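These notes concern the structure reproduced below.
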Amino acid sequence: MNTIDIKINERSLKVLPGITILQACRDNGIDILTMCHLKGLSDVGACRLCLVEIEGINKLLSACTTRVASNMVIRTDTEKIKRYQRITTELFFAERNHVCSVCVANGNCELQELGYKVGMDHIRYPFLFPECKVDTSHQYFVMDHNRCIMCTRCVRACSEVEGAFNWDVKNRGFQVRVISDFDTPWGESITCTSCGKCLQACPTGALWSKDVVQGQLEKHPEMITELVEKRKLLLT
Amino acid sequence: MVNEDRRQILISPVTRIEGHAKITIRLDDHGEVDEALFHVNEFRGFEKFCEGRLYTEMPIITPRICGICPVSHSIASVKACEMIQGIQPAYAGNILRRLIHIGQNISSHALSFFHLSSPDFLLGYDSDPVNRNILGLAEKFPDIALKGIRLRKFGQEISQRITGKKIHISGIAPGGMAFPLLEENRLALLNWIPEAKETVQLGLSIIKKFHEENAEMVNSFAVSPTLYLGTVGPQGEHELYDGKLRFIDENGNILQDQLDPKRYLEFIAERSVSWSYLKYPYYKPLGYEKGFYRVGPLARLNVASKMKTPLAQLEFENFKNIAGGRPIHGTFYYHYARLIEALSSVEEAEILLNDPEITSDHIQTHGKWNYTEGIGCSEAPRGTLFHHYITDESGKLLKVNLLIATGQNNPGMNKSITEVAKQYVNGNDIKEGMLNRVESTIRCYDPCLSCSTHAIGAMPLQVEVMNANGQIIQRIERG
C-alpha cells in the first residue's frame, strides 16, 4: 500500500495519501479537539477547533478538511493553537445562551467538556444574549436554539445517514440558525421521520428527548458512526 | 423649616444578601415608632424567563432560586409536572424524594439555628457584633458549633448519597427519581442518625434554657396574632412533603382543612406594594386587612394536631402547652418550632431509611404531556411553597406563578418588626443592641435573605434618622 511521509509535532509518520490531517492525527494517537466532526459524516470545518499550523502556509487550516500531502510538516500543539482553541470555545459560550447548571445535558455535554479541556475559567467576550426559540412542537423531541453551536452535525446526520433532509441552515454570521423543513415548527415537519439520529449527533443540550431530565440524558454519537460502517459492509 | 419631630430610621442593608433588604422605621411626631417596613429591593424574574421553556425543565431551573431550599422548589415543581402528565410517582422514587426533602429541612434548620441564631442566644444580643457569629461561637463553645455544623452536613449528606450532589441536586424527575439509593449509602446515613438526634436535642435544650432565662422577653417578643397556613396529613398530622392545606385563625379555629393545594388560588390572593418587590399575599375570604397569615415552622406546628414521630410528639406537646393548646403568636417561638421539626425530620429519616423499598430500582414511572395546567406544593423550611404552570399543547410554558414562603411571611414580618420596634426602639436613643433586636425579628422568620445576617465579621448595618424633609439628622454605621 502506498504511503506518504509527513511530520506531526516532530513525529515522522507514514500515512495513507488522501486522508485528512485529523484522521492522520487520530490514527496515530495525537489528540486534537473537534466539535463539528463526527466520524461517518462529511466534514465541513465549521467549529474551527481543529486548526493546525502547516509549515510554509501562513494561516491556520482546519485539520478535518485539509488533506495530508507528502512531506507536510504539521503542528497541533503550539501556544498559538491553544490560544485560538480557548478563544473559539469562549465565543461558543458568548454567542448563545449556555447555562450549564440548568441544562439537560449538564454532565453529558461535549461543549462543557471542551470548556474544561481548554481551561476556560471565564469568558472575555461580551455575551450576545440573543433571543432564541425553544421548539417544543415535536411530539418526542425538543430543539433549543439557545444551546446550539451550529456544528451542523444534526443537519448532516439527517441528510447523509437518515436521508430525510429535515434539518437545514438559514441566515449568515451570528444570525445563522438550524431550521426544520422551510423554517416551520419541527412538529409540523413533513420530512422528519422521528428517528432521533439528530439527538445522538448533537454535542450539546440543543436537541434532546422530552422524556429525560438533567442527569438522565445519554448521547451516543458513536451510533451514527456505527450505522455508517454497517451500511458500508452491506454494500461490499 | 426642618421638622425634626417626624423622623425615619433606616436600617440598610439588613444583610449582604443576593439583593438588598432594608428596614425603615417611621417615627411619629412624638419620636415614637409609627410603623416599620421591610423592603426587598431585588428583582429575580424567574416567573418571566421560565416562560417558553419545556415544563419538565422546571425541577432543575427553579431550585436555582435558592441555595438553601432548592429541594423544596424541585419537589413543588415536579409535582406540578406530574399533574401536567397525570401520573403518580413510583413508591421508591417518592420516598427517596421525601428523604432528600427531609435532609434539606434538617440542613436548613441546622443552619438557621446553630449558625445564624444561636450566637444571639449563647453570646448575647448585646455582645460585640464582630464575634456574634458562628466563628465567635466556635471560639467560646467549640463543641456546640462543631455539632451544629455536623448536623447541617448530615442533611446535605442525604442529598449527596442519593444524587451525588449536596445542594443543587439533579435527578428529581416527573414520576420519581433518576437515581436509586445504594445499600452502602443507606447504611452510612443510618449510622449518622443517633448523632443527628443528639444534636437536635442539644439545640432544644439551648432554646428551652433561653426561654426559661428570658421568659419575659420571649413571651413579649413580636407577639403578632395572625392566621396560619401549613400542610397536614390526613389525620391533621404535621407534614412537610405531601399533604393537604390547613388554615387556622388567630384563636386556633380551623378555617379550611384538607384543602387540596391545587385550589390555592381560591384562598390566597396577592397585592403588590410600591415600596418592595415582595408581594403581600393574604387569605382571600377575609380580605387584605384581616387576611394576613404566616407560614413556616411556627405556622406548621400551630396548625398541626400531632407529630408523626414519638420524640417530636413529646416536644410538640410541650410546645402546645405554652399557650394552652391555642396558637402561639410569639415570633420568637419560630426557633423552638424549627427544632421540633428538625427532630421530627431526623426521626422520619430513620423510618424511611429502614423502609425495605428505599433501595429499590423501580424509582420512576413515565408519562408524557397530557394537561395544560399543573400545580405543585411543598413545605419549604420557611413555609408553604406553590408552583403553578400553564403550558401550551406541546408542553411549552406560557405562564409561571411561584408563591414563595418568604413572600407569604412578608406581611407577618412587617407586623412583627413594628411590634419589636415599638418595644425596643426609642427614636431619641438609638442603640446597637436595640436595632439588632429588630434585625433578629427578621431572623426569626429565617427569610431567604437570612443566610448572611450573621456573616463572618461585623454585620453591615446602617441606621439613618431622617426628618420629614429627607435630611439625615443622625447616623449609626458599622461593618
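Numbering starts fresh at 1 for the residues of each chain in the C-alpha cells, the chains themselves are lettered A, B, ... in the order given, and ligands are numbered from 1 as they appear.
Using only C-alpha atoms, the part of chain A that sits within 6 Å of chain B is made up of Val102, Thr136, Ser137 and Gly215 of chain A.
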Backbone-only DSSP, strand (DSSP E) members of stretch 122-197 of chain A, as a PyMOL selection string: chain A and resi 134-135+141-144+167-170+177-180
Residue contacts of A:Thr184 (12 Å, only C-alpha atoms) excluding same-chain residues fewer than 5 positions away, as a PyMOL selection string: chain A and resi 135+137-138+166-168+170+178-179+189-192
Using the selection just defined, write its residues with N, CA, C and O atoms as a PDB file, in the first residue's frame.
ATOM      1  N   ASP A 135     -38.046  25.124  20.455  1.00  0.00           N
ATOM      2  CA  ASP A 135     -39.089  24.487  19.657  1.00  0.00           C
ATOM      3  C   ASP A 135     -39.511  23.189  20.343  1.00  0.00           C
ATOM      4  O   ASP A 135     -38.793  22.188  20.310  1.00  0.00           O
ATOM      5  N   SER A 137     -42.453  21.775  19.644  1.00  0.00           N
ATOM      6  CA  SER A 137     -43.639  21.330  18.898  1.00  0.00           C
ATOM      7  C   SER A 137     -43.587  19.851  18.505  1.00  0.00           C
ATOM      8  O   SER A 137     -44.626  19.258  18.233  1.00  0.00           O
ATOM      9  N   HIS A 138     -42.397  19.261  18.476  1.00  0.00           N
ATOM     10  CA  HIS A 138     -42.304  17.838  18.116  1.00  0.00           C
ATOM     11  C   HIS A 138     -42.871  16.984  19.245  1.00  0.00           C
ATOM     12  O   HIS A 138     -42.707  17.306  20.421  1.00  0.00           O
ATOM     13  N   ASN A 166     -34.548  16.791   6.872  1.00  0.00           N
ATOM     14  CA  ASN A 166     -35.416  17.682   7.653  1.00  0.00           C
ATOM     15  C   ASN A 166     -34.669  18.939   8.051  1.00  0.00           C
ATOM     16  O   ASN A 166     -35.190  20.042   7.953  1.00  0.00           O
ATOM     17  N   TRP A 167     -33.427  18.772   8.515  1.00  0.00           N
ATOM     18  CA  TRP A 167     -32.689  19.921   9.038  1.00  0.00           C
ATOM     19  C   TRP A 167     -31.927  20.644   7.939  1.00  0.00           C
ATOM     20  O   TRP A 167     -31.392  20.034   7.020  1.00  0.00           O
ATOM     21  N   ASP A 168     -31.857  21.963   8.092  1.00  0.00           N
ATOM     22  CA  ASP A 168     -31.022  22.776   7.197  1.00  0.00           C
ATOM     23  C   ASP A 168     -30.600  24.020   7.971  1.00  0.00           C
ATOM     24  O   ASP A 168     -30.860  24.131   9.172  1.00  0.00           O
ATOM     25  N   LYS A 170     -30.300  28.390   7.996  1.00  0.00           N
ATOM     26  CA  LYS A 170     -30.703  29.664   7.374  1.00  0.00           C
ATOM     27  C   LYS A 170     -29.811  30.803   7.898  1.00  0.00           C
ATOM     28  O   LYS A 170     -29.149  30.659   8.936  1.00  0.00           O
ATOM     29  N   VAL A 178     -30.274  26.718  12.722  1.00  0.00           N
ATOM     30  CA  VAL A 178     -30.725  25.448  12.162  1.00  0.00           C
ATOM     31  C   VAL A 178     -32.240  25.531  12.008  1.00  0.00           C
ATOM     32  O   VAL A 178     -32.932  26.023  12.904  1.00  0.00           O
ATOM     33  N   ILE A 179     -32.738  25.072  10.871  1.00  0.00           N
ATOM     34  CA  ILE A 179     -34.195  25.111  10.651  1.00  0.00           C
ATOM     35  C   ILE A 179     -34.725  23.732  10.273  1.00  0.00           C
ATOM     36  O   ILE A 179     -33.992  22.894   9.759  1.00  0.00           O
ATOM     37  N   SER A 189     -43.137  19.276  10.629  1.00  0.00           N
ATOM     38  CA  SER A 189     -42.276  18.830   9.530  1.00  0.00           C
ATOM     39  C   SER A 189     -42.912  17.658   8.788  1.00  0.00           C
ATOM     40  O   SER A 189     -43.446  16.727   9.397  1.00  0.00           O
ATOM     41  N   ILE A 190     -42.809  17.707   7.455  1.00  0.00           N
ATOM     42  CA  ILE A 190     -43.317  16.575   6.672  1.00  0.00           C
ATOM     43  C   ILE A 190     -42.171  15.649   6.271  1.00  0.00           C
ATOM     44  O   ILE A 190     -42.401  14.611   5.653  1.00  0.00           O
ATOM     45  N   THR A 191     -40.955  16.007   6.628  1.00  0.00           N
ATOM     46  CA  THR A 191     -39.808  15.172   6.253  1.00  0.00           C
ATOM     47  C   THR A 191     -39.243  14.395   7.435  1.00  0.00           C
ATOM     48  O   THR A 191     -38.630  13.351   7.271  1.00  0.00           O
ATOM     49  N   CYS A 192     -39.409  14.922   8.656  1.00  0.00           N
ATOM     50  CA  CYS A 192     -38.824  14.279   9.835  1.00  0.00           C
ATOM     51  C   CYS A 192     -39.435  12.902  10.031  1.00  0.00           C
ATOM     52  O   CYS A 192     -40.664  12.743  10.015  1.00  0.00           O
TER      53      CYS A 192
END
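Minimum atom-to-atom distances from A:Ile19, A:Ile54, A:Val99, A:Ala63 to A:Asp31 were compared using only C-alpha atoms, and the lowest value belongs to A:Ala63.
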Contact residues around A:Tyr140 with only C-alpha atoms at 8 Å, ignoring same-chain residues under 6 positions, as a PyMOL selection string: chain A and resi 194+209-211
Separation of atom CA of A:Gly107 from atom CA of A:His220 in Å: 14.0 Å
Residue contacts of B:Lys262 (10 Å, only C-alpha atoms) excluding same-chain residues fewer than 4 positions away, as a VMD selection string: chain B and resid 80 83 244 to 245 266 374 to 377 386 to 388
Shell of 10 Å around stretch 145-147 of chain A, only C-alpha atoms, local chain residues under 4 positions omitted, as a PyMOL selection string: chain A and resi 92-93+95-100+103+105+111+129-135+177-179+203-207
Selected residues written out, N, CA and C atoms, as a PDB file, in the first residue's frame:
ATOM      1  N   PHE A  92     -18.087  30.331  21.543  1.00  0.00           N
ATOM      2  CA  PHE A  92     -19.279  29.457  21.555  1.00  0.00           C
ATOM      3  C   PHE A  92     -20.206  29.868  22.693  1.00  0.00           C
ATOM      4  N   PHE A  93     -19.607  30.061  23.848  1.00  0.00           N
ATOM      5  CA  PHE A  93     -20.420  30.377  25.031  1.00  0.00           C
ATOM      6  C   PHE A  93     -21.004  31.785  24.959  1.00  0.00           C
ATOM      7  N   GLU A  95     -21.837  33.401  22.255  1.00  0.00           N
ATOM      8  CA  GLU A  95     -22.715  33.642  21.115  1.00  0.00           C
ATOM      9  C   GLU A  95     -24.188  33.330  21.408  1.00  0.00           C
ATOM     10  N   ARG A  96     -24.435  32.265  22.196  1.00  0.00           N
ATOM     11  CA  ARG A  96     -25.829  31.929  22.527  1.00  0.00           C
ATOM     12  C   ARG A  96     -25.984  31.967  24.057  1.00  0.00           C
ATOM     13  N   ASN A  97     -27.021  31.303  24.552  1.00  0.00           N
ATOM     14  CA  ASN A  97     -27.300  31.366  25.994  1.00  0.00           C
ATOM     15  C   ASN A  97     -27.076  29.998  26.643  1.00  0.00           C
ATOM     16  N   HIS A  98     -25.834  29.742  26.976  1.00  0.00           N
ATOM     17  CA  HIS A  98     -25.491  28.444  27.562  1.00  0.00           C
ATOM     18  C   HIS A  98     -25.454  28.565  29.086  1.00  0.00           C
ATOM     19  N   VAL A  99     -26.351  27.862  29.761  1.00  0.00           N
ATOM     20  CA  VAL A  99     -26.371  27.870  31.225  1.00  0.00           C
ATOM     21  C   VAL A  99     -26.282  26.418  31.690  1.00  0.00           C
ATOM     22  N   CYS A 100     -25.059  25.964  31.917  1.00  0.00           N
ATOM     23  CA  CYS A 100     -24.838  24.533  32.209  1.00  0.00           C
ATOM     24  C   CYS A 100     -25.670  24.069  33.401  1.00  0.00           C
ATOM     25  N   CYS A 103     -29.055  23.028  32.399  1.00  0.00           N
ATOM     26  CA  CYS A 103     -29.169  22.378  31.087  1.00  0.00           C
ATOM     27  C   CYS A 103     -29.355  20.873  31.257  1.00  0.00           C
ATOM     28  N   ALA A 105     -28.249  18.679  29.488  1.00  0.00           N
ATOM     29  CA  ALA A 105     -27.029  17.948  29.132  1.00  0.00           C
ATOM     30  C   ALA A 105     -25.909  18.120  30.154  1.00  0.00           C
ATOM     31  N   LEU A 111     -19.642  20.278  24.749  1.00  0.00           N
ATOM     32  CA  LEU A 111     -19.212  21.679  24.870  1.00  0.00           C
ATOM     33  C   LEU A 111     -18.679  21.946  26.276  1.00  0.00           C
ATOM     34  N   PHE A 129     -26.394  37.411  24.203  1.00  0.00           N
ATOM     35  CA  PHE A 129     -27.743  37.183  24.736  1.00  0.00           C
ATOM     36  C   PHE A 129     -28.814  37.264  23.648  1.00  0.00           C
ATOM     37  N   PRO A 130     -28.673  36.502  22.566  1.00  0.00           N
ATOM     38  CA  PRO A 130     -29.708  36.570  21.524  1.00  0.00           C
ATOM     39  C   PRO A 130     -31.013  35.958  22.024  1.00  0.00           C
ATOM     40  N   GLU A 131     -32.120  36.434  21.504  1.00  0.00           N
ATOM     41  CA  GLU A 131     -33.402  35.839  21.865  1.00  0.00           C
ATOM     42  C   GLU A 131     -33.597  34.610  20.995  1.00  0.00           C
ATOM     43  N   CYS A 132     -33.503  33.452  21.592  1.00  0.00           N
ATOM     44  CA  CYS A 132     -33.588  32.196  20.832  1.00  0.00           C
ATOM     45  C   CYS A 132     -34.842  31.438  21.199  1.00  0.00           C
ATOM     46  N   LYS A 133     -35.374  30.744  20.220  1.00  0.00           N
ATOM     47  CA  LYS A 133     -36.609  29.993  20.465  1.00  0.00           C
ATOM     48  C   LYS A 133     -36.303  28.593  20.979  1.00  0.00           C
ATOM     49  N   VAL A 134     -37.249  28.071  21.734  1.00  0.00           N
ATOM     50  CA  VAL A 134     -37.217  26.663  22.119  1.00  0.00           C
ATOM     51  C   VAL A 134     -38.371  26.017  21.373  1.00  0.00           C
ATOM     52  N   ASP A 135     -38.046  25.124  20.455  1.00  0.00           N
ATOM     53  CA  ASP A 135     -39.089  24.487  19.657  1.00  0.00           C
ATOM     54  C   ASP A 135     -39.511  23.189  20.343  1.00  0.00           C
ATOM     55  N   ARG A 177     -29.101  29.979  11.855  1.00  0.00           N
ATOM     56  CA  ARG A 177     -29.923  29.095  12.688  1.00  0.00           C
ATOM     57  C   ARG A 177     -30.187  27.786  11.942  1.00  0.00           C
ATOM     58  N   VAL A 178     -30.274  26.718  12.722  1.00  0.00           N
ATOM     59  CA  VAL A 178     -30.725  25.448  12.162  1.00  0.00           C
ATOM     60  C   VAL A 178     -32.240  25.531  12.008  1.00  0.00           C
ATOM     61  N   ILE A 179     -32.738  25.072  10.871  1.00  0.00           N
ATOM     62  CA  ILE A 179     -34.195  25.111  10.651  1.00  0.00           C
ATOM     63  C   ILE A 179     -34.725  23.732  10.273  1.00  0.00           C
ATOM     64  N   PRO A 203     -23.916  17.585  19.992  1.00  0.00           N
ATOM     65  CA  PRO A 203     -22.923  17.521  21.072  1.00  0.00           C
ATOM     66  C   PRO A 203     -23.340  18.243  22.344  1.00  0.00           C
ATOM     67  N   THR A 204     -24.446  18.990  22.303  1.00  0.00           N
ATOM     68  CA  THR A 204     -24.852  19.799  23.468  1.00  0.00           C
ATOM     69  C   THR A 204     -26.282  19.440  23.879  1.00  0.00           C
ATOM     70  N   GLY A 205     -26.882  20.314  24.643  1.00  0.00           N
ATOM     71  CA  GLY A 205     -28.274  20.110  25.066  1.00  0.00           C
ATOM     72  C   GLY A 205     -29.254  20.795  24.132  1.00  0.00           C
ATOM     73  N   ALA A 206     -28.836  21.073  22.888  1.00  0.00           N
ATOM     74  CA  ALA A 206     -29.732  21.743  21.953  1.00  0.00           C
ATOM     75  C   ALA A 206     -30.849  20.817  21.488  1.00  0.00           C
ATOM     76  N   LEU A 207     -30.534  19.554  21.308  1.00  0.00           N
ATOM     77  CA  LEU A 207     -31.537  18.580  20.871  1.00  0.00           C
ATOM     78  C   LEU A 207     -31.630  17.490  21.925  1.00  0.00           C
TER      79      LEU A 207
END
Helix (DSSP H, G or I) residues, from DSSP on the backbone, in stretch 6-219 of chain B, as a VMD selection string: chain B and resid 46 to 49 55 to 65 70 to 85 91 to 123 134 to 140 142 to 163 183 to 213 215 to 219
